[in-house]
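The next block is upload-v2.pdb, given as PDB, C-alpha atoms and all ligand atoms.
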MODEL        1
ATOM      1  CA  MET A   1     -34.491 -26.786 -24.847
ATOM      2  CA  ASP A   2     -30.855 -25.885 -24.331
ATOM      3  CA  ASP A   3     -29.546 -23.314 -21.942
ATOM      4  CA  ALA A   4     -29.254 -20.552 -24.591
ATOM      5  CA  ASP A   5     -32.879 -21.071 -25.672
ATOM      6  CA  ALA A   6     -34.020 -20.774 -22.043
ATOM      7  CA  LEU A   7     -32.172 -17.442 -21.728
ATOM      8  CA  LEU A   8     -33.685 -16.299 -25.020
ATOM      9  CA  ASP A   9     -37.179 -17.042 -23.695
ATOM     10  CA  ARG A  10     -36.397 -15.110 -20.517
ATOM     11  CA  LEU A  11     -35.147 -12.027 -22.301
ATOM     12  CA  ARG A  12     -38.129 -12.028 -24.650
ATOM     13  CA  LEU A  13     -40.492 -12.207 -21.660
ATOM     14  CA  ALA A  14     -38.596  -9.433 -19.854
ATOM     15  CA  GLY A  15     -39.109  -7.103 -22.856
ATOM     16  CA  GLY A  16     -37.016  -4.024 -23.606
ATOM     17  CA  VAL A  17     -34.430  -5.743 -25.770
ATOM     18  CA  PRO A  18     -31.655  -3.217 -26.599
ATOM     19  CA  ARG A  19     -32.211  -1.820 -30.085
ATOM     20  CA  HIS A  20     -28.493  -1.379 -30.708
ATOM     21  CA  VAL A  21     -25.737  -3.583 -29.262
ATOM     22  CA  ALA A  22     -22.060  -2.701 -29.798
ATOM     23  CA  VAL A  23     -19.254  -5.176 -29.133
ATOM     24  CA  ILE A  24     -15.511  -4.782 -28.573
ATOM     25  CA  MET A  25     -14.322  -8.255 -29.551
ATOM     26  CA  ASP A  26     -11.206  -8.673 -27.415
ATOM     27  CA  GLY A  27      -9.005 -11.538 -26.301
ATOM     28  CA  ASN A  28      -8.201 -13.432 -29.506
ATOM     29  CA  GLY A  29      -4.456 -13.140 -28.862
ATOM     30  CA  ARG A  30      -4.743 -14.391 -25.281
ATOM     31  CA  TRP A  31      -6.973 -17.254 -26.399
ATOM     32  CA  ALA A  32      -4.245 -18.330 -28.847
ATOM     33  CA  ALA A  33      -1.404 -17.797 -26.348
ATOM     34  CA  ARG A  34      -3.107 -20.051 -23.801
ATOM     35  CA  ARG A  35      -3.039 -22.814 -26.397
ATOM     36  CA  HIS A  36       0.529 -22.041 -27.532
ATOM     37  CA  LEU A  37      -0.854 -21.137 -30.947
ATOM     38  CA  PRO A  38       0.113 -18.202 -33.186
ATOM     39  CA  ARG A  39      -2.097 -15.109 -32.745
ATOM     40  CA  PRO A  40      -3.782 -15.390 -36.177
ATOM     41  CA  LEU A  41      -5.319 -18.680 -35.068
ATOM     42  CA  GLY A  42      -6.991 -16.777 -32.255
ATOM     43  CA  HIS A  43      -8.525 -14.421 -34.809
ATOM     44  CA  GLN A  44      -9.629 -17.390 -36.896
ATOM     45  CA  ALA A  45     -11.345 -18.905 -33.858
ATOM     46  CA  GLY A  46     -12.955 -15.502 -33.303
ATOM     47  CA  MET A  47     -14.840 -15.841 -36.592
ATOM     48  CA  ALA A  48     -17.088 -18.518 -35.065
ATOM     49  CA  ALA A  49     -17.993 -16.070 -32.330
ATOM     50  CA  VAL A  50     -18.883 -13.426 -34.940
ATOM     51  CA  ARG A  51     -21.348 -15.902 -36.422
ATOM     52  CA  GLU A  52     -22.728 -16.694 -32.960
ATOM     53  CA  VAL A  53     -23.303 -13.054 -32.058
ATOM     54  CA  VAL A  54     -24.975 -12.246 -35.394
ATOM     55  CA  GLU A  55     -27.328 -15.235 -35.061
ATOM     56  CA  GLY A  56     -27.990 -14.376 -31.428
ATOM     57  CA  ALA A  57     -28.789 -10.737 -32.268
ATOM     58  CA  LEU A  58     -31.214 -11.874 -34.981
ATOM     59  CA  ALA A  59     -32.919 -14.285 -32.578
ATOM     60  CA  ALA A  60     -33.218 -11.676 -29.822
ATOM     61  CA  GLY A  61     -34.654  -9.018 -32.137
ATOM     62  CA  VAL A  62     -31.756  -6.561 -31.859
ATOM     63  CA  GLU A  63     -32.025  -3.970 -34.664
ATOM     64  CA  VAL A  64     -28.399  -2.840 -34.964
ATOM     65  CA  LEU A  65     -25.225  -4.795 -34.091
ATOM     66  CA  THR A  66     -21.908  -2.930 -34.290
ATOM     67  CA  LEU A  67     -18.711  -4.990 -34.110
ATOM     68  CA  PHE A  68     -15.223  -3.543 -33.608
ATOM     69  CA  ALA A  69     -13.221  -5.771 -35.962
ATOM     70  CA  PHE A  70     -10.095  -3.686 -36.681
ATOM     71  CA  SER A  71      -9.037  -0.369 -35.191
ATOM     72  CA  ARG A  72      -6.924   2.318 -36.828
ATOM     73  CA  GLU A  73      -4.347   1.503 -34.114
ATOM     74  CA  ASN A  74      -4.329  -2.153 -35.272
ATOM     75  CA  TRP A  75      -2.392  -1.035 -38.406
ATOM     76  CA  GLN A  76       0.617  -0.930 -36.050
ATOM     77  CA  ARG A  77       0.499  -4.726 -35.520
ATOM     78  CA  PRO A  78       3.030  -6.999 -37.284
ATOM     79  CA  PRO A  79       2.355  -7.226 -41.048
ATOM     80  CA  GLU A  80       1.681 -10.994 -40.836
ATOM     81  CA  GLU A  81      -1.080 -10.409 -38.302
ATOM     82  CA  ILE A  82      -2.621  -7.602 -40.379
ATOM     83  CA  ASP A  83      -2.539  -9.863 -43.464
ATOM     84  CA  ALA A  84      -4.173 -12.672 -41.507
ATOM     85  CA  LEU A  85      -6.950 -10.352 -40.273
ATOM     86  CA  MET A  86      -7.622  -8.992 -43.764
ATOM     87  CA  THR A  87      -7.710 -12.509 -45.211
ATOM     88  CA  LEU A  88     -10.151 -13.545 -42.489
ATOM     89  CA  LEU A  89     -12.342 -10.573 -43.328
ATOM     90  CA  GLU A  90     -12.433 -11.650 -46.986
ATOM     91  CA  GLU A  91     -13.165 -15.246 -45.934
ATOM     92  CA  TYR A  92     -15.919 -14.149 -43.585
ATOM     93  CA  ILE A  93     -17.582 -12.143 -46.339
ATOM     94  CA  ALA A  94     -17.268 -14.958 -48.912
ATOM     95  CA  ARG A  95     -18.555 -17.592 -46.500
ATOM     96  CA  GLU A  96     -21.385 -15.698 -44.816
ATOM     97  CA  ARG A  97     -22.710 -13.571 -47.674
ATOM     98  CA  ASP A  98     -25.582 -15.841 -48.699
ATOM     99  CA  GLU A  99     -26.635 -16.566 -45.123
ATOM    100  CA  LEU A 100     -26.571 -12.870 -44.220
ATOM    101  CA  ARG A 101     -28.736 -12.039 -47.222
ATOM    102  CA  ARG A 102     -31.171 -14.863 -46.430
ATOM    103  CA  ASN A 103     -31.555 -13.473 -42.921
ATOM    104  CA  GLY A 104     -32.196  -9.917 -44.167
ATOM    105  CA  VAL A 105     -28.974  -8.611 -42.620
ATOM    106  CA  SER A 106     -27.823  -5.310 -44.073
ATOM    107  CA  VAL A 107     -24.027  -4.969 -43.717
ATOM    108  CA  ARG A 108     -22.356  -1.573 -43.427
ATOM    109  CA  VAL A 109     -18.637  -1.040 -43.009
ATOM    110  CA  LEU A 110     -17.467   1.926 -40.947
ATOM    111  CA  GLY A 111     -13.906   3.249 -40.983
ATOM    112  CA  ASP A 112     -11.099   4.624 -43.109
ATOM    113  CA  LEU A 113     -11.572   2.184 -45.981
ATOM    114  CA  ALA A 114      -8.999   3.959 -48.187
ATOM    115  CA  ARG A 115      -6.316   2.127 -46.189
ATOM    116  CA  LEU A 116      -7.610  -1.358 -47.077
ATOM    117  CA  GLY A 117      -5.809  -3.440 -49.713
ATOM    118  CA  PRO A 118      -7.636  -4.051 -53.027
ATOM    119  CA  GLY A 119      -8.867  -7.558 -52.076
ATOM    120  CA  ALA A 120     -10.374  -6.529 -48.746
ATOM    121  CA  ARG A 121     -11.791  -3.348 -50.276
ATOM    122  CA  ALA A 122     -13.509  -5.262 -53.088
ATOM    123  CA  ALA A 123     -14.958  -7.789 -50.622
ATOM    124  CA  VAL A 124     -16.262  -5.008 -48.388
ATOM    125  CA  ASP A 125     -17.829  -3.066 -51.274
ATOM    126  CA  ARG A 126     -19.483  -6.249 -52.540
ATOM    127  CA  ILE A 127     -21.062  -7.277 -49.229
ATOM    128  CA  VAL A 128     -22.351  -3.752 -48.636
ATOM    129  CA  ALA A 129     -23.883  -3.571 -52.133
ATOM    130  CA  GLU A 130     -25.338  -7.082 -52.061
ATOM    131  CA  THR A 131     -26.969  -6.768 -48.646
ATOM    132  CA  ALA A 132     -28.136  -3.171 -49.030
ATOM    133  CA  GLY A 133     -31.807  -4.107 -49.276
ATOM    134  CA  GLY A 134     -31.874  -6.123 -46.039
ATOM    135  CA  THR A 135     -34.673  -5.085 -43.744
ATOM    136  CA  GLY A 136     -33.726  -7.192 -40.711
ATOM    137  CA  LEU A 137     -30.623  -6.598 -38.629
ATOM    138  CA  VAL A 138     -28.159  -3.817 -39.510
ATOM    139  CA  LEU A 139     -24.635  -5.192 -39.034
ATOM    140  CA  ASN A 140     -21.994  -2.463 -38.739
ATOM    141  CA  LEU A 141     -18.468  -3.825 -39.146
ATOM    142  CA  CYS A 142     -15.943  -1.273 -37.854
ATOM    143  CA  ILE A 143     -12.760  -1.741 -39.855
ATOM    144  CA  SER A 144      -9.777   0.634 -39.833
ATOM    145  CA  TYR A 145     -12.028   2.491 -37.418
ATOM    146  CA  GLY A 146     -11.197   5.226 -34.919
ATOM    147  CA  SER A 147     -13.886   7.159 -33.110
ATOM    148  CA  ARG A 148     -11.900  10.412 -32.950
ATOM    149  CA  ASP A 149     -11.425  10.206 -36.744
ATOM    150  CA  GLU A 150     -15.163   9.681 -37.136
ATOM    151  CA  ILE A 151     -15.973  12.712 -34.959
ATOM    152  CA  ALA A 152     -13.325  14.826 -36.736
ATOM    153  CA  GLN A 153     -14.743  13.997 -40.188
ATOM    154  CA  ALA A 154     -18.243  14.900 -38.967
ATOM    155  CA  ALA A 155     -16.903  18.235 -37.646
ATOM    156  CA  ARG A 156     -15.108  18.776 -40.972
ATOM    157  CA  ALA A 157     -18.308  18.096 -42.912
ATOM    158  CA  LEU A 158     -20.132  20.687 -40.791
ATOM    159  CA  ALA A 159     -17.280  23.208 -41.204
ATOM    160  CA  GLU A 160     -17.462  22.797 -44.987
ATOM    161  CA  GLU A 161     -21.206  23.428 -44.939
ATOM    162  CA  VAL A 162     -20.717  26.540 -42.802
ATOM    163  CA  ALA A 163     -17.911  27.761 -45.106
ATOM    164  CA  ALA A 164     -20.190  27.214 -48.112
ATOM    165  CA  GLY A 165     -22.926  29.238 -46.412
ATOM    166  CA  ARG A 166     -25.425  26.356 -46.294
ATOM    167  CA  LEU A 167     -25.303  26.344 -42.467
ATOM    168  CA  GLY A 168     -24.664  29.052 -39.904
ATOM    169  CA  PRO A 169     -22.514  28.584 -36.751
ATOM    170  CA  ALA A 170     -25.702  28.216 -34.677
ATOM    171  CA  ASP A 171     -26.646  25.157 -36.782
ATOM    172  CA  VAL A 172     -23.601  23.288 -35.415
ATOM    173  CA  THR A 173     -25.526  21.327 -32.791
ATOM    174  CA  ALA A 174     -25.090  17.911 -31.220
ATOM    175  CA  GLU A 175     -27.869  16.593 -33.487
ATOM    176  CA  ALA A 176     -26.212  18.028 -36.609
ATOM    177  CA  LEU A 177     -22.905  16.423 -35.694
ATOM    178  CA  ALA A 178     -24.516  13.059 -34.837
ATOM    179  CA  ALA A 179     -26.233  13.066 -38.241
ATOM    180  CA  ARG A 180     -22.788  13.149 -39.900
ATOM    181  CA  LEU A 181     -21.269  10.247 -37.964
ATOM    182  CA  TRP A 182     -20.744   6.977 -39.840
ATOM    183  CA  THR A 183     -23.373   5.286 -37.645
ATOM    184  CA  ALA A 184     -26.127   7.677 -38.812
ATOM    185  CA  PRO A 185     -29.072   7.338 -39.161
ATOM    186  CA  HIS A 186     -29.212   4.543 -36.611
ATOM    187  CA  PRO A 187     -29.851   5.063 -32.880
ATOM    188  CA  ASP A 188     -26.944   5.094 -30.419
ATOM    189  CA  PRO A 189     -25.968   1.787 -28.786
ATOM    190  CA  ASP A 190     -28.009   0.916 -25.705
ATOM    191  CA  LEU A 191     -25.549  -1.763 -24.623
ATOM    192  CA  LEU A 192     -21.778  -2.054 -25.043
ATOM    193  CA  ILE A 193     -20.260  -5.486 -24.517
ATOM    194  CA  ARG A 194     -16.513  -5.894 -24.119
ATOM    195  CA  THR A 195     -14.945  -9.335 -23.812
ATOM    196  CA  SER A 196     -11.768 -10.473 -22.045
ATOM    197  CA  GLY A 197     -12.286  -8.335 -18.950
ATOM    198  CA  GLU A 198     -10.679  -5.094 -20.152
ATOM    199  CA  MET A 199     -12.330  -1.893 -18.858
ATOM    200  CA  ARG A 200     -11.538   0.471 -21.742
ATOM    201  CA  LEU A 201     -13.363   2.096 -24.665
ATOM    202  CA  SER A 202     -10.295   1.974 -26.952
ATOM    203  CA  ASN A 203     -11.431   4.843 -29.220
ATOM    204  CA  PHE A 204     -14.710   3.042 -30.064
ATOM    205  CA  LEU A 205     -17.967   4.991 -30.591
ATOM    206  CA  LEU A 206     -16.966   7.655 -28.051
ATOM    207  CA  TRP A 207     -19.813   9.971 -29.025
ATOM    208  CA  GLN A 208     -22.464   7.306 -29.490
ATOM    209  CA  LEU A 209     -21.798   5.488 -26.183
ATOM    210  CA  ALA A 210     -22.726   8.542 -24.061
ATOM    211  CA  TYR A 211     -25.711   6.789 -22.444
ATOM    212  CA  ALA A 212     -24.916   3.134 -23.159
ATOM    213  CA  GLU A 213     -24.932   0.507 -20.452
ATOM    214  CA  LEU A 214     -21.522  -1.187 -20.259
ATOM    215  CA  TRP A 215     -21.157  -4.931 -19.719
ATOM    216  CA  VAL A 216     -17.681  -6.426 -19.484
ATOM    217  CA  THR A 217     -17.331 -10.193 -19.462
ATOM    218  CA  PRO A 218     -14.135 -12.136 -18.706
ATOM    219  CA  VAL A 219     -14.913 -14.526 -21.592
ATOM    220  CA  LEU A 220     -12.284 -14.313 -24.355
ATOM    221  CA  TRP A 221     -13.815 -13.451 -27.733
ATOM    222  CA  PRO A 222     -13.289 -16.865 -29.426
ATOM    223  CA  ASP A 223     -15.220 -18.500 -26.537
ATOM    224  CA  PHE A 224     -18.128 -16.030 -26.768
ATOM    225  CA  THR A 225     -21.435 -17.670 -27.728
ATOM    226  CA  ARG A 226     -25.010 -16.517 -28.200
ATOM    227  CA  ARG A 227     -25.572 -17.618 -24.587
ATOM    228  CA  ASP A 228     -23.122 -14.913 -23.471
ATOM    229  CA  LEU A 229     -24.926 -12.338 -25.631
ATOM    230  CA  PHE A 230     -28.247 -13.306 -24.045
ATOM    231  CA  GLU A 231     -26.692 -12.994 -20.559
ATOM    232  CA  GLY A 232     -25.490  -9.501 -21.443
ATOM    233  CA  ILE A 233     -28.960  -8.533 -22.668
ATOM    234  CA  LEU A 234     -30.591  -9.923 -19.507
ATOM    235  CA  GLU A 235     -28.149  -7.887 -17.410
ATOM    236  CA  PHE A 236     -29.049  -4.815 -19.507
ATOM    237  CA  GLN A 237     -32.738  -5.440 -18.805
ATOM    238  CA  ARG A 238     -32.050  -5.402 -15.054
ATOM    239  CA  ARG A 239     -30.341  -1.991 -15.240
ATOM    240  CA  ASP A 240     -32.113   1.224 -14.282
ATOM    241  CA  ARG A 241     -31.414   3.657 -17.143
ATOM    242  CA  ARG A 242     -31.930   7.223 -16.010
ATOM    243  CA  PHE A 243     -30.236   9.402 -18.656
ATOM    244  CA  GLY A 244     -29.338  11.857 -15.909
ATOM    245  CA  ARG A 245     -32.877  12.026 -14.511
ATOM    246  CA  VAL A 246     -34.210  10.769 -11.180
ATOM    247  CA  PRO A 247     -35.870   7.303 -11.060
ATOM    248  CA  ALA A 248     -39.453   7.237 -12.447
TER
HETATM  249  C1  LIG A 301      -8.914  -8.336 -30.476
HETATM  250  O1  LIG A 301      -8.150  -9.360 -29.948
HETATM  251  C2  LIG A 301      -9.491  -8.709 -31.759
HETATM  252  C3  LIG A 301      -9.140  -8.160 -32.941
HETATM  253  C4  LIG A 301      -8.124  -7.099 -33.060
HETATM  254  C5  LIG A 301      -9.729  -8.614 -34.221
HETATM  255  C6  LIG A 301     -11.144  -9.106 -34.198
HETATM  256  C7  LIG A 301     -11.338  -9.957 -35.390
HETATM  257  C8  LIG A 301     -12.111 -11.065 -35.468
HETATM  258  C9  LIG A 301     -12.960 -11.520 -34.385
HETATM  259  C10 LIG A 301     -12.129 -11.912 -36.702
HETATM  260  C11 LIG A 301     -12.543 -11.265 -37.951
HETATM  261  C12 LIG A 301     -13.779 -10.456 -37.829
HETATM  262  C13 LIG A 301     -14.667 -10.291 -38.804
HETATM  263  C14 LIG A 301     -15.806  -9.366 -38.620
HETATM  264  C15 LIG A 301     -14.575 -11.013 -40.050
HETATM  265  P1  LIG A 301      -6.631  -9.089 -29.605
HETATM  266  O2  LIG A 301      -5.808  -9.600 -30.729
HETATM  267  O3  LIG A 301      -6.422  -7.665 -29.258
HETATM  268  O4  LIG A 301      -6.466 -10.015 -28.348
HETATM  269  P2  LIG A 301      -5.479  -9.835 -27.111
HETATM  270  O5  LIG A 301      -5.870  -8.545 -26.440
HETATM  271  O6  LIG A 301      -5.772 -11.043 -26.269
HETATM  272  O7  LIG A 301      -4.080  -9.828 -27.657
ENDMDL
END
Could you write out this file's structure as structure tokens?
Amino acid sequence: MDDADALLDRLRLAGGVPRHVAVIMDGNGRWAARRHLPRPLGHQAGMAAVREVVEGALAAGVEVLTLFAFSRENWQRPPEEIDALMTLLEEYIARERDELRRNGVSVRVLGDLARLGPGARAAVDRIVAETAGGTGLVLNLCISYGSRDEIAQAARALAEEVAAGRLGPADVTAEALAARLWTAPHPDPDLLIRTSGEMRLSNFLLWQLAYAELWVTPVLWPDFTRRDLFEGILEFQRRDRRFGRVPA
């Protein structure tokens, strides 16, 4: 039994696996720079870690895995890097589609998809349609994603319903807004993992992370393995979650 399997056994015995794990995949550029490689090669190496974390989440029994793959701010990166990331996204979808379907993974893509080029958009639409029936893990890929945009569109949707007379102002509640976020109808993340040691939320799931446990690891994303995911889950299981209440 390898080390990762031993951790998997431990977290299964501990019980209370997080239902929803969100990940800010950071450090691809630094991983490449340390090897004197161009940044896109860091992103390419990061694809292996995406596979690792999906397989690890399936093995651990996580229900929802949300990965921050491309932020709305990332559109400001050099065009070559954006092209490389979009090509990798298409490659990931082409390469993993069958495996994801076999494993019952249902892929959803969250973000401002109108900004994607035709190739990436077609790939995204195809993976979402082809995996829609999956009853295992829900895999949310956040692409061209910004949390403030997501909250603003939910507020806009509510405003339109109020303007149309279908809702009154008193119906604008936290629950009503949450139901219009792109992550609906899934539960909020229990655990947020960020790699490469940065202590920031970077406009990721600002509403949904209200009660999440945060776990920051110094590991750079391309070096992240299922063993690291299991360590994060074990750390989560040791935490005392109070949701503002006193200990039980
Ligand atoms: C952050 O590293 C990572 C990204 C902006 C992209 C993440 C993309 C992948 C892991 C590959 C493709 C993903 C999918 C789902 C197909 P950074 O470039 O900000 O690193 P740095 O902070 O070290 O410069």
Please tabulate, as a Markdown table, the residues of chain A that come within 9 Å of ligand LIG 301 (chain A), each with its closest pair of atoms and the distance in Å to one decimal, counting all atoms listed in the file and ordering rows by chain, then residue number upward.
| residue | atom | partner | partner_atom | distance |
| --- | --- | --- | --- | --- |
| A:Ile24 | CA | A:LIG301 | C1 | 7.7 |
| A:Met25 | CA | A:LIG301 | C2 | 5.3 |
| A:Asp26 | CA | A:LIG301 | C1 | 3.8 |
| A:Gly27 | CA | A:LIG301 | O6 | 3.3 |
| A:Asn28 | CA | A:LIG301 | O4 | 4.0 |
| A:Gly29 | CA | A:LIG301 | O7 | 3.5 |
| A:Arg30 | CA | A:LIG301 | O6 | 3.6 |
| A:Trp31 | CA | A:LIG301 | O6 | 6.3 |
| A:Ala32 | CA | A:LIG301 | O6 | 7.9 |
| A:Ala33 | CA | A:LIG301 | O6 | 8.0 |
| A:Arg39 | CA | A:LIG301 | O2 | 6.9 |
| A:Pro40 | CA | A:LIG301 | O2 | 8.2 |
| A:Gly42 | CA | A:LIG301 | O2 | 7.4 |
| A:His43 | CA | A:LIG301 | C10 | 4.8 |
| A:Gln44 | CA | A:LIG301 | C10 | 6.0 |
| A:Ala45 | CA | A:LIG301 | C9 | 7.6 |
| A:Gly46 | CA | A:LIG301 | C9 | 4.1 |
| A:Met47 | CA | A:LIG301 | C10 | 4.8 |
| A:Ala48 | CA | A:LIG301 | C9 | 8.2 |
| A:Ala49 | CA | A:LIG301 | C9 | 7.1 |
| A:Val50 | CA | A:LIG301 | C9 | 6.2 |
| A:Arg51 | CA | A:LIG301 | C14 | 8.8 |
| A:Leu67 | CA | A:LIG301 | C14 | 6.9 |
| A:Phe68 | CA | A:LIG301 | C6 | 6.9 |
| A:Ala69 | CA | A:LIG301 | C6 | 4.3 |
| A:Phe70 | CA | A:LIG301 | C4 | 5.4 |
| A:Ser71 | CA | A:LIG301 | C4 | 7.1 |
| A:Asn74 | CA | A:LIG301 | C4 | 6.6 |
| A:Glu81 | CA | A:LIG301 | O2 | 9.0 |
| A:Leu85 | CA | A:LIG301 | C11 | 6.1 |
| A:Met86 | CA | A:LIG301 | C11 | 7.9 |
| A:Thr87 | CA | A:LIG301 | C15 | 8.7 |
| A:Leu88 | CA | A:LIG301 | C11 | 5.6 |
| A:Leu89 | CA | A:LIG301 | C15 | 4.0 |
| A:Glu90 | CA | A:LIG301 | C15 | 7.3 |
| A:Glu91 | CA | A:LIG301 | C15 | 7.4 |
| A:Tyr92 | CA | A:LIG301 | C15 | 4.9 |
| A:Ile93 | CA | A:LIG301 | C15 | 7.1 |
| A:Leu141 | CA | A:LIG301 | C14 | 6.2 |
| A:Cys142 | CA | A:LIG301 | C14 | 8.1 |
| A:Ile143 | CA | A:LIG301 | C14 | 8.3 |
| A:Ser196 | CA | A:LIG301 | O6 | 7.4 |
| A:Glu198 | CA | A:LIG301 | O5 | 8.6 |
| A:Leu220 | CA | A:LIG301 | O6 | 7.5 |
| A:Trp221 | CA | A:LIG301 | C9 | 7.0 |
| A:Pro222 | CA | A:LIG301 | C9 | 7.3 |
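Interatomic distance, CA of Glu130 in chain A against CA of Val54 in chain A: 17.5 Å.
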### Query
the PyMOL selection byres (((chain A and resi 58) around 12) and not hetatm) on the file shown: which residues, as a PyMOL selection string?
chain A and resi 8+17+19-21+51-57+59-65+100+102-106+135-139+226+229-230
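Across A:Thr183, A:Leu158, A:Gln237, A:Pro118, the tightest approach to Asp171 in chain A is made by A:Leu158 when counting only C-alpha atoms.
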### Task
Work out how far apart CA of Ile82 in chain A and CA of Ala122 in chain A are and give it in Å to one decimal.
16.9 Å
### Summary
The residue from A:Leu11, A:Val107, A:Ile151, A:Ala84 with the smallest atom-to-atom distance to Gly134 in chain A, counting all atoms listed in the file, is A:Val107
### Message
Rounded to one decimal, what separation in Å do you get between CA of Ala14 in chain A and CA of Arg238 in chain A?
### Response
9.1 Å
Within 9 Å of range 209-217 of chain A, which residues of range 127-192 of chain A come that close, and what is the closest atom pair and distance in Å for each? Count only C-alpha atoms and give it as a tab-separated table.
residue	atom	partner	partner_atom	distance
A:Asp188	CA	A:Leu209	CA	6.7
A:Pro189	CA	A:Ala212	CA	5.9
A:Asp190	CA	A:Ala212	CA	4.6
A:Leu191	CA	A:Glu213	CA	4.8
A:Leu192	CA	A:Leu214	CA	4.9
Quick test: take range 154-169 of chain A, keep N, CA, C and O atoms, and write it as a PDB file, in the first residue's frame.
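Listed below is the output, decode33.pdb:
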ATOM      1  N   ALA A 154     -26.403  37.374 -10.309  1.00  0.00           N
ATOM      2  CA  ALA A 154     -27.478  36.830  -9.464  1.00  0.00           C
ATOM      3  C   ALA A 154     -28.375  37.982  -8.972  1.00  0.00           C
ATOM      4  O   ALA A 154     -29.605  37.873  -8.973  1.00  0.00           O
ATOM      5  N   ALA A 155     -27.745  39.101  -8.579  1.00  0.00           N
ATOM      6  CA  ALA A 155     -28.510  40.265  -8.122  1.00  0.00           C
ATOM      7  C   ALA A 155     -29.364  40.812  -9.269  1.00  0.00           C
ATOM      8  O   ALA A 155     -30.519  41.199  -9.075  1.00  0.00           O
ATOM      9  N   ARG A 156     -28.764  40.807 -10.480  1.00  0.00           N
ATOM     10  CA  ARG A 156     -29.496  41.299 -11.662  1.00  0.00           C
ATOM     11  C   ARG A 156     -30.714  40.412 -11.931  1.00  0.00           C
ATOM     12  O   ARG A 156     -31.810  40.898 -12.236  1.00  0.00           O
ATOM     13  N   ALA A 157     -30.509  39.101 -11.833  1.00  0.00           N
ATOM     14  CA  ALA A 157     -31.618  38.170 -12.081  1.00  0.00           C
ATOM     15  C   ALA A 157     -32.752  38.438 -11.092  1.00  0.00           C
ATOM     16  O   ALA A 157     -33.933  38.451 -11.460  1.00  0.00           O
ATOM     17  N   LEU A 158     -32.398  38.673  -9.830  1.00  0.00           N
ATOM     18  CA  LEU A 158     -33.427  38.973  -8.821  1.00  0.00           C
ATOM     19  C   LEU A 158     -34.111  40.296  -9.140  1.00  0.00           C
ATOM     20  O   LEU A 158     -35.337  40.403  -9.058  1.00  0.00           O
ATOM     21  N   ALA A 159     -33.317  41.307  -9.532  1.00  0.00           N
ATOM     22  CA  ALA A 159     -33.891  42.634  -9.842  1.00  0.00           C
ATOM     23  C   ALA A 159     -34.898  42.510 -10.983  1.00  0.00           C
ATOM     24  O   ALA A 159     -35.969  43.138 -10.946  1.00  0.00           O
ATOM     25  N   GLU A 160     -34.547  41.687 -11.988  1.00  0.00           N
ATOM     26  CA  GLU A 160     -35.465  41.521 -13.129  1.00  0.00           C
ATOM     27  C   GLU A 160     -36.776  40.871 -12.681  1.00  0.00           C
ATOM     28  O   GLU A 160     -37.860  41.247 -13.139  1.00  0.00           O
ATOM     29  N   GLU A 161     -36.658  39.913 -11.758  1.00  0.00           N
ATOM     30  CA  GLU A 161     -37.874  39.244 -11.276  1.00  0.00           C
ATOM     31  C   GLU A 161     -38.734  40.193 -10.436  1.00  0.00           C
ATOM     32  O   GLU A 161     -39.965  40.140 -10.484  1.00  0.00           O
ATOM     33  N   VAL A 162     -38.062  41.074  -9.676  1.00  0.00           N
ATOM     34  CA  VAL A 162     -38.817  42.068  -8.904  1.00  0.00           C
ATOM     35  C   VAL A 162     -39.486  43.048  -9.867  1.00  0.00           C
ATOM     36  O   VAL A 162     -40.679  43.366  -9.741  1.00  0.00           O
ATOM     37  N   ALA A 163     -38.719  43.511 -10.880  1.00  0.00           N
ATOM     38  CA  ALA A 163     -39.271  44.477 -11.848  1.00  0.00           C
ATOM     39  C   ALA A 163     -40.466  43.885 -12.588  1.00  0.00           C
ATOM     40  O   ALA A 163     -41.426  44.588 -12.907  1.00  0.00           O
ATOM     41  N   ALA A 164     -40.396  42.556 -12.836  1.00  0.00           N
ATOM     42  CA  ALA A 164     -41.497  41.902 -13.565  1.00  0.00           C
ATOM     43  C   ALA A 164     -42.667  41.582 -12.640  1.00  0.00           C
ATOM     44  O   ALA A 164     -43.692  41.066 -13.102  1.00  0.00           O
ATOM     45  N   GLY A 165     -42.501  41.818 -11.352  1.00  0.00           N
ATOM     46  CA  GLY A 165     -43.585  41.590 -10.400  1.00  0.00           C
ATOM     47  C   GLY A 165     -43.700  40.149  -9.919  1.00  0.00           C
ATOM     48  O   GLY A 165     -44.622  39.809  -9.180  1.00  0.00           O
ATOM     49  N   ARG A 166     -42.751  39.296 -10.339  1.00  0.00           N
ATOM     50  CA  ARG A 166     -42.815  37.889  -9.877  1.00  0.00           C
ATOM     51  C   ARG A 166     -42.316  37.754  -8.440  1.00  0.00           C
ATOM     52  O   ARG A 166     -42.669  36.820  -7.736  1.00  0.00           O
ATOM     53  N   LEU A 167     -41.453  38.674  -8.006  1.00  0.00           N
ATOM     54  CA  LEU A 167     -40.953  38.686  -6.628  1.00  0.00           C
ATOM     55  C   LEU A 167     -41.162  40.076  -6.056  1.00  0.00           C
ATOM     56  O   LEU A 167     -41.161  41.065  -6.804  1.00  0.00           O
ATOM     57  N   GLY A 168     -41.297  40.132  -4.729  1.00  0.00           N
ATOM     58  CA  GLY A 168     -41.333  41.429  -4.050  1.00  0.00           C
ATOM     59  C   GLY A 168     -39.968  41.691  -3.433  1.00  0.00           C
ATOM     60  O   GLY A 168     -39.170  40.762  -3.290  1.00  0.00           O
ATOM     61  N   PRO A 169     -39.687  42.962  -3.009  1.00  0.00           N
ATOM     62  CA  PRO A 169     -38.388  43.263  -2.391  1.00  0.00           C
ATOM     63  C   PRO A 169     -38.075  42.346  -1.210  1.00  0.00           C
ATOM     64  O   PRO A 169     -36.917  41.972  -0.997  1.00  0.00           O
TER      65      PRO A 169
END
